[in-house]
Amino acid sequence: MSHIPLIDELALLAAVAVMVSLLLARLRLPPVSGLIAAGILIGPNAAALVTDREAIDVLAEVGVVFLLFTVGLEFSLAKLRAIWRLVFVGGALQVLGTIAVVTAIAVFGFDVPVRTAVVYGFVFALSSTAMVLRLLTDRRELDAPHGRIVVGALILQDLCVVPMVLIVPILATGGSTGALAGELVWAMGKAALVVIAVLLVARFLVPRILSAVDASRSRDLFLLAVLAICIGTAWLTSQVGLSLALGAFLGGIVVADTEFGHRAMGDVLPLRDAFVSIFFVSLGMLLDVGTLASHPLEVLGLFAAFILGKGALATAVAMSMRFPPRVAWLAGVGLAQFGEFGFVVLNIARQEDAVGAEDASLLLTAGVLSMLVTPLLARMAPRVSAGERILAPIGRLLRISTLEDEPEVTEGLTDHVVIVGYGVSGRLVSEALGASGAPHVVLELNVETVRAARRADRAVFYGDASSAEVLHHAHLERASALVITIADPRATPRIVATARTIRSDLPILVRARYLEDAAPLRRAGARELAVEEVEVGVELVMRALRQVGVPRNVIESRVSEARAHTMQSDRTALRTAPSLADADPRHRVRVDSVLLEEDAAAIGQTLVELDVRRVTGAVGVALVRGADVVQDHLGDEPMRQGDVLYLAGSTDAIARAQTLLLEG
């Protein structure tokens, strides 16, 4: 039997990755760190168990393509428009600021030649798109305020790889500025044309293609079409010098704007997880253990520069854009590492003699170490308040919290509701309270959302609800309730805990996405929980049973059973009974059904004997018995087990009739 190329390396890679990841999982460490550690162990600079490194790199690149494609699937053109300011303003400040600071420190502090210092600036400006987006996705933080900042910076970093790759050879050879400017304009022009072409395809061509493929009813063909879009857009951007990752991200956005986005996500996820794991192992293979052993101080110094220096610069950018300390702190931690495209820039610089081999090895080793600890830092950062306390004076100096700027707006508030978040859920709660004349105030971290709401004269303010100071400015101590509508599983428990320190008896109502989030929130002090996956499931149960004609009392029993297996709620079953819409458009009269089971009090009696109409106000309109429908002389028909009686009347009258028929 012929030997399959690469099979030895893949088998070894998978086995070691599983063992190391299991070991780290027992130590409660992130699996991504385990994959990188496995790569360090089997890489060419340690045990040297993998020989075909180039093939592994190809598979790793495929993993990055799939990862960015699925991240794009979670976005859409509308979401991308919503963060454009973070991409072009925040991203530009982060990239240009990092390049300038690093170049200046290298030139004036360490007497490094300018061309080499600029390369250092490029390398430090780039973060790990694949790793950070994977962490944000796993932690469900892509839509969190710090997640939006990080995504915006990463998108612009990927765009900047093109001019960086063009500039490095010219720096090395001392080419003319005019030639450089011409090449840059031409490259960025091509990139802009490709992006415009992708967006046009997204709007006009892809929905039609996917609709035609879906009509074939072939799951294999649909998956093949999705892969063609993913790999095709990545290839297209690579032809004009842009990264494969950016093309895959655009491809995901293309599909996300169609009705097939969720289906595509489900089909691609298994492939993504397999190939991305190979990518993280390949990162570990880059670490040179010999360099770490021979130059430990230099490596640790560069490592500190990545984690502390670069993180501080990213945090400063977020603060300059008037994000509160907590958000700025988390964004800084998210961007504080070496990036995979920094490896590309370093390779080109080394080939062009802009950076020496030893210096490149030092940077690369320190960079891989920074990526190794990034998952650990991302897990710890939300629990560490020291960074926020350090940044708090700067936040006050920048007047970040608008509640502090306008104390008179909230000064007279009492028995009001404090709402955290002004997304769809927050707006619904705010509008309902406003229409009912109930006083309320909203805290929101999206600057553009706040500005739009204030223009519409809404009581929406820019502030971080996890800060006790901001909650005091909202006068939480004399509020009637706190309603948390944000979808941030890390920030929500922190807000609940902070609110509890201010007022222990405050009713706190919380939105949560998943049932697994409920227990930590209850421990933190949440009183009422609306869990999305439970509420959606219950709603679908009621609608599905109603659709197939199941009587209301049976539906309520099934709903109670569903809640008993998930979580209890004070919410009563939604009565979606058929209404007499034509006769009464205001829905004051309803028709509903009651199943008479074995122990029903009405068995053997008639409606006349029970005097249902006089006692309850409801009127019997029909009785379904097997395949028969009884309407004539309904009042004189003795009721039997299994009968379904239809009643007309008000909601209260029907409820009274149900009690009479079932309980007597």
# chains A, B, ... in the order shown; residues from 1 in each chain; ligands from 1
$ select_by_dssp --residues "stretch 352-548 of chain A" --states "alpha helix (DSSP H)" --output "number ranges by chain"
A: 357-380, 386-397, 402-405, 407-411, 424-435, 447-455, 468-473, 491-502, 518-524, 532-547
$ atom_distance --atom1 "atom CA of A:Leu12" --atom2 "atom CA of A:Gly43"
11.2 Å
$ residues_around --residues "A:Leu335" --least-positions-apart "6" --cutoff "8 Å" --atoms "only C-alpha atoms" --output "VMD selection string"
chain A and resid 127 to 128 132 150 310 to 311 314
$ residues_around --residues "A:Gly90" --least-positions-apart "6" --cutoff "10 Å" --atoms "only C-alpha atoms" --output "list in words"
Ile83, Trp84, Ile149, Val150, Gly152, Ala153, Leu156, Ala314, Val317, Ala318, Ser320 and Met321 of chain A
$ write_last_selection --atoms "N, CA and C atoms" --output "mmCIF file, in the first residue's frame"
data_model
loop_
_atom_site.group_PDB
_atom_site.id
_atom_site.type_symbol
_atom_site.label_atom_id
_atom_site.label_comp_id
_atom_site.auth_asym_id
_atom_site.auth_seq_id
_atom_site.Cartn_x
_atom_site.Cartn_y
_atom_site.Cartn_z
ATOM 1 N N ILE A 83 -19.654 49.749 12.408
ATOM 2 C CA ILE A 83 -18.345 49.893 13.065
ATOM 3 C C ILE A 83 -17.326 50.569 12.158
ATOM 4 N N TRP A 84 -17.778 51.240 11.103
ATOM 5 C CA TRP A 84 -16.820 51.829 10.153
ATOM 6 C C TRP A 84 -15.898 52.834 10.846
ATOM 7 N N ILE A 149 -14.279 47.242 19.106
ATOM 8 C CA ILE A 149 -13.015 47.971 18.939
ATOM 9 C C ILE A 149 -11.949 47.059 18.361
ATOM 10 N N VAL A 150 -11.826 45.866 18.929
ATOM 11 C CA VAL A 150 -10.793 44.926 18.489
ATOM 12 C C VAL A 150 -11.020 44.506 17.042
ATOM 13 N N GLY A 152 -12.585 46.144 14.693
ATOM 14 C CA GLY A 152 -12.272 47.284 13.831
ATOM 15 C C GLY A 152 -10.780 47.440 13.609
ATOM 16 N N ALA A 153 -9.992 47.308 14.684
ATOM 17 C CA ALA A 153 -8.534 47.426 14.556
ATOM 18 C C ALA A 153 -7.959 46.291 13.710
ATOM 19 N N LEU A 156 -8.517 46.817 9.900
ATOM 20 C CA LEU A 156 -7.598 47.792 9.300
ATOM 21 C C LEU A 156 -6.169 47.254 9.265
ATOM 22 N N ALA A 314 -2.822 50.370 22.675
ATOM 23 C CA ALA A 314 -4.186 50.067 22.228
ATOM 24 C C ALA A 314 -5.212 50.612 23.222
ATOM 25 N N VAL A 317 -5.578 54.340 22.703
ATOM 26 C CA VAL A 317 -6.404 54.645 21.528
ATOM 27 C C VAL A 317 -7.884 54.536 21.880
ATOM 28 N N ALA A 318 -8.261 53.451 22.594
ATOM 29 C CA ALA A 318 -9.663 53.280 22.981
ATOM 30 C C ALA A 318 -10.123 54.413 23.899
ATOM 31 N N SER A 320 -8.892 57.438 23.928
ATOM 32 C CA SER A 320 -8.973 58.670 23.134
ATOM 33 C C SER A 320 -10.265 58.740 22.332
ATOM 34 N N MET A 321 -10.868 57.568 22.060
ATOM 35 C CA MET A 321 -12.147 57.535 21.355
ATOM 36 C C MET A 321 -13.325 57.566 22.329
#
$ atom_distance --atom1 "atom CA of A:Asp505" --atom2 "atom CA of A:Glu532"
25.1 Å
$ closest_residue --among "A:Tyr462, A:Phe249, A:Phe66, A:Phe122" --to "A:Thr237" --atoms "only C-alpha atoms"
A:Phe249
$ residues_around --residues "A:Asp353" --least-positions-apart "5" --cutoff "12 Å" --atoms "only C-alpha atoms" --output "ChimeraX atom specification"
/A:115-116,119,168-174,346-348,358-360
$ write_last_selection --atoms "C-alpha atoms" --output "compact mmCIF listing (two decimals), in the first residue's frame"
# COMPACT_ATOMS: atom_id res chain seq x y z
CA ARG A 115 14.80 51.14 8.15
CA THR A 116 15.01 48.41 10.81
CA VAL A 119 10.04 47.21 10.34
CA VAL A 168 9.81 46.90 3.38
CA PRO A 169 11.83 46.16 0.18
CA ILE A 170 12.03 49.88 -0.64
CA LEU A 171 13.29 50.60 2.89
CA ALA A 172 15.97 47.95 2.43
CA THR A 173 17.16 49.18 -0.99
CA GLY A 174 16.63 52.89 -0.41
CA LEU A 346 9.59 39.74 9.21
CA ASN A 347 10.33 37.14 6.53
CA ILE A 348 10.35 39.76 3.78
CA GLU A 358 19.19 37.05 15.00
CA ASP A 359 16.95 40.08 15.57
CA ALA A 360 14.15 38.42 13.59
$ residues_around --residues "stretch 482-497 of chain A" --least-positions-apart "2" --cutoff "8 Å" --atoms "only C-alpha atoms" --output "PyMOL selection string"
chain A and resi 139-141+143-144+382+417-423+425-426+465-467+476+479-480+499-501+506-513+517+520-521+524-526
$ write_last_selection --atoms "N, CA, C and O atoms" --output "compact mmCIF listing (two decimals), in the first residue's frame"
# COMPACT_ATOMS: atom_id res chain seq x y z
N ARG A 139 -15.96 33.23 23.27
CA ARG A 139 -16.47 33.88 24.49
C ARG A 139 -17.72 34.72 24.21
O ARG A 139 -18.21 35.42 25.09
N ARG A 140 -18.20 34.69 22.97
CA ARG A 140 -19.42 35.41 22.55
C ARG A 140 -19.29 36.91 22.85
O ARG A 140 -20.20 37.54 23.38
N GLU A 141 -18.14 37.48 22.46
CA GLU A 141 -17.87 38.88 22.75
C GLU A 141 -17.66 39.72 21.48
O GLU A 141 -17.21 40.85 21.57
N ASP A 143 -19.89 41.16 19.72
CA ASP A 143 -20.77 42.33 19.76
C ASP A 143 -20.59 43.17 21.01
O ASP A 143 -21.26 44.19 21.17
N ALA A 144 -19.72 42.73 21.93
CA ALA A 144 -19.45 43.54 23.11
C ALA A 144 -18.68 44.79 22.70
O ALA A 144 -18.03 44.81 21.65
N PRO A 382 -11.27 40.26 32.43
CA PRO A 382 -12.54 40.78 32.98
C PRO A 382 -12.60 40.73 34.50
O PRO A 382 -13.39 41.45 35.12
N VAL A 417 -36.54 53.30 36.47
CA VAL A 417 -35.91 52.07 36.00
C VAL A 417 -34.60 52.44 35.31
O VAL A 417 -34.57 53.33 34.46
N VAL A 418 -33.54 51.74 35.68
CA VAL A 418 -32.25 51.93 35.00
C VAL A 418 -32.09 50.79 34.00
O VAL A 418 -32.13 49.60 34.39
N ILE A 419 -31.94 51.13 32.74
CA ILE A 419 -31.80 50.14 31.66
C ILE A 419 -30.36 50.16 31.18
O ILE A 419 -29.79 51.23 30.91
N VAL A 420 -29.75 48.99 31.07
CA VAL A 420 -28.38 48.88 30.57
C VAL A 420 -28.43 48.30 29.16
O VAL A 420 -28.87 47.16 28.96
N GLY A 421 -28.02 49.09 28.18
CA GLY A 421 -28.02 48.65 26.78
C GLY A 421 -29.19 49.23 26.02
O GLY A 421 -30.33 49.25 26.53
N TYR A 422 -28.91 49.71 24.80
CA TYR A 422 -29.97 50.31 23.98
C TYR A 422 -30.00 49.66 22.61
O TYR A 422 -30.10 50.32 21.59
N GLY A 423 -29.87 48.32 22.61
CA GLY A 423 -30.10 47.58 21.39
C GLY A 423 -31.58 47.38 21.19
O GLY A 423 -32.41 48.14 21.70
N SER A 425 -33.60 45.02 22.38
CA SER A 425 -34.28 44.74 23.66
C SER A 425 -34.38 45.99 24.52
O SER A 425 -35.44 46.29 25.09
N GLY A 426 -33.28 46.73 24.61
CA GLY A 426 -33.29 47.94 25.42
C GLY A 426 -34.27 48.98 24.90
O GLY A 426 -34.96 49.64 25.68
N ALA A 465 -21.92 50.55 32.86
CA ALA A 465 -22.77 50.15 33.99
C ALA A 465 -22.06 49.26 34.99
O ALA A 465 -22.58 49.02 36.08
N SER A 466 -20.88 48.74 34.64
CA SER A 466 -20.14 47.93 35.61
C SER A 466 -19.38 48.81 36.60
O SER A 466 -18.79 48.32 37.55
N SER A 467 -19.41 50.11 36.37
CA SER A 467 -18.75 51.06 37.26
C SER A 467 -19.74 51.53 38.32
O SER A 467 -20.83 52.03 38.01
N LEU A 476 -29.04 54.66 41.20
CA LEU A 476 -29.56 53.30 41.33
C LEU A 476 -30.10 53.03 42.73
O LEU A 476 -31.01 52.21 42.90
N ALA A 479 -33.73 53.63 42.64
CA ALA A 479 -34.46 53.14 41.47
C ALA A 479 -35.44 52.04 41.87
O ALA A 479 -35.32 51.43 42.94
N SER A 480 -36.41 51.80 41.01
CA SER A 480 -37.38 50.73 41.27
C SER A 480 -36.92 49.40 40.69
O SER A 480 -37.36 48.34 41.15
N ALA A 499 -24.19 46.31 41.15
CA ALA A 499 -25.49 46.85 41.57
C ALA A 499 -25.88 46.35 42.95
O ALA A 499 -26.44 47.09 43.76
N ARG A 500 -25.54 45.10 43.26
CA ARG A 500 -25.87 44.54 44.57
C ARG A 500 -25.10 45.23 45.69
O ARG A 500 -25.58 45.33 46.82
N THR A 501 -23.89 45.72 45.39
CA THR A 501 -23.13 46.44 46.43
C THR A 501 -23.75 47.80 46.72
O THR A 501 -23.58 48.34 47.81
N LEU A 506 -32.57 45.51 45.45
CA LEU A 506 -33.04 46.03 44.17
C LEU A 506 -33.49 44.89 43.25
O LEU A 506 -32.75 43.93 43.05
N PRO A 507 -34.68 44.95 42.66
CA PRO A 507 -35.07 43.96 41.65
C PRO A 507 -34.20 44.12 40.40
O PRO A 507 -34.14 45.21 39.82
N ILE A 508 -33.52 43.04 40.01
CA ILE A 508 -32.63 43.08 38.85
C ILE A 508 -33.14 42.08 37.82
O ILE A 508 -33.23 40.88 38.09
N LEU A 509 -33.48 42.58 36.64
CA LEU A 509 -33.98 41.76 35.54
C LEU A 509 -32.88 41.68 34.48
O LEU A 509 -32.35 42.71 34.06
N VAL A 510 -32.57 40.47 34.04
CA VAL A 510 -31.39 40.27 33.20
C VAL A 510 -31.73 39.46 31.96
O VAL A 510 -32.47 38.47 32.03
N ARG A 511 -31.18 39.88 30.85
CA ARG A 511 -31.23 39.09 29.62
C ARG A 511 -29.98 38.21 29.55
O ARG A 511 -28.88 38.66 29.81
N ALA A 512 -30.19 36.94 29.21
CA ALA A 512 -29.06 36.03 29.00
C ALA A 512 -29.32 35.24 27.73
O ALA A 512 -30.47 34.95 27.38
N ARG A 513 -28.26 34.92 27.03
CA ARG A 513 -28.42 34.18 25.77
C ARG A 513 -28.66 32.70 25.99
O ARG A 513 -29.48 32.08 25.36
N ASP A 517 -25.72 30.30 31.27
CA ASP A 517 -25.36 31.58 31.90
C ASP A 517 -26.24 31.90 33.10
O ASP A 517 -25.95 32.83 33.86
N PRO A 520 -24.64 31.40 37.10
CA PRO A 520 -23.73 32.46 37.57
C PRO A 520 -24.44 33.79 37.81
O PRO A 520 -24.10 34.51 38.75
N LEU A 521 -25.44 34.09 36.98
CA LEU A 521 -26.15 35.35 37.14
C LEU A 521 -27.01 35.34 38.41
O LEU A 521 -27.10 36.35 39.12
N ALA A 524 -24.79 35.87 41.26
CA ALA A 524 -24.35 37.27 41.35
C ALA A 524 -25.43 38.17 41.94
O ALA A 524 -25.13 39.25 42.43
N GLY A 525 -26.72 37.72 41.88
CA GLY A 525 -27.79 38.51 42.48
C GLY A 525 -28.93 38.87 41.56
O GLY A 525 -29.80 39.66 41.94
N ALA A 526 -28.98 38.30 40.34
CA ALA A 526 -30.10 38.58 39.43
C ALA A 526 -31.37 37.94 39.96
O ALA A 526 -31.36 36.79 40.39
$ residues_around --residues "A:Ala366" --least-positions-apart "6" --cutoff "10 Å" --atoms "only C-alpha atoms" --output "list in words"
Leu287, Asp288, Thr291, Leu292, Pro296, Glu298, Val299, Leu300, Gly301, Leu302, Phe303, Ala304, Ala305, Phe306, Ile307, Gln337, Phe338, Ala360 and Leu372 of chain A
$ write_last_selection --atoms "C-alpha atoms" --output "PDB file, in the first residue's frame"
ATOM      1  CA  LEU A 287       9.100  29.307  18.735  1.00  0.00           C
ATOM      2  CA  ASP A 288      12.878  28.854  18.825  1.00  0.00           C
ATOM      3  CA  THR A 291      16.990  31.567  21.047  1.00  0.00           C
ATOM      4  CA  LEU A 292      15.024  31.676  24.304  1.00  0.00           C
ATOM      5  CA  PRO A 296      16.446  35.122  27.771  1.00  0.00           C
ATOM      6  CA  GLU A 298      16.185  40.112  25.237  1.00  0.00           C
ATOM      7  CA  VAL A 299      13.278  37.744  24.562  1.00  0.00           C
ATOM      8  CA  LEU A 300      11.544  38.648  27.829  1.00  0.00           C
ATOM      9  CA  GLY A 301      12.055  42.355  27.130  1.00  0.00           C
ATOM     10  CA  LEU A 302      10.406  42.053  23.719  1.00  0.00           C
ATOM     11  CA  PHE A 303       7.678  39.872  25.243  1.00  0.00           C
ATOM     12  CA  ALA A 304       6.955  42.615  27.793  1.00  0.00           C
ATOM     13  CA  ALA A 305       6.910  45.170  24.970  1.00  0.00           C
ATOM     14  CA  PHE A 306       4.236  43.148  23.148  1.00  0.00           C
ATOM     15  CA  ILE A 307       2.075  42.550  26.228  1.00  0.00           C
ATOM     16  CA  GLN A 337       0.247  40.139  21.054  1.00  0.00           C
ATOM     17  CA  PHE A 338       2.274  39.322  17.957  1.00  0.00           C
ATOM     18  CA  ALA A 360      14.148  38.423  13.591  1.00  0.00           C
ATOM     19  CA  LEU A 372       0.782  31.637  24.027  1.00  0.00           C
TER      20      LEU A 372
END
$ closest_residue --among "A:Val621, A:Val534, A:Val615, A:Val194" --to "A:Arg590" --atoms "only C-alpha atoms"
A:Val621
$ closest_residue --among "A:Ala11, A:Val20, A:Ala432, A:Ile502" --to "A:Gly34" --atoms "only C-alpha atoms"
A:Val20
$ atom_distance --atom1 "atom CA of A:Pro439" --atom2 "atom CA of A:Val536"
29.0 Å
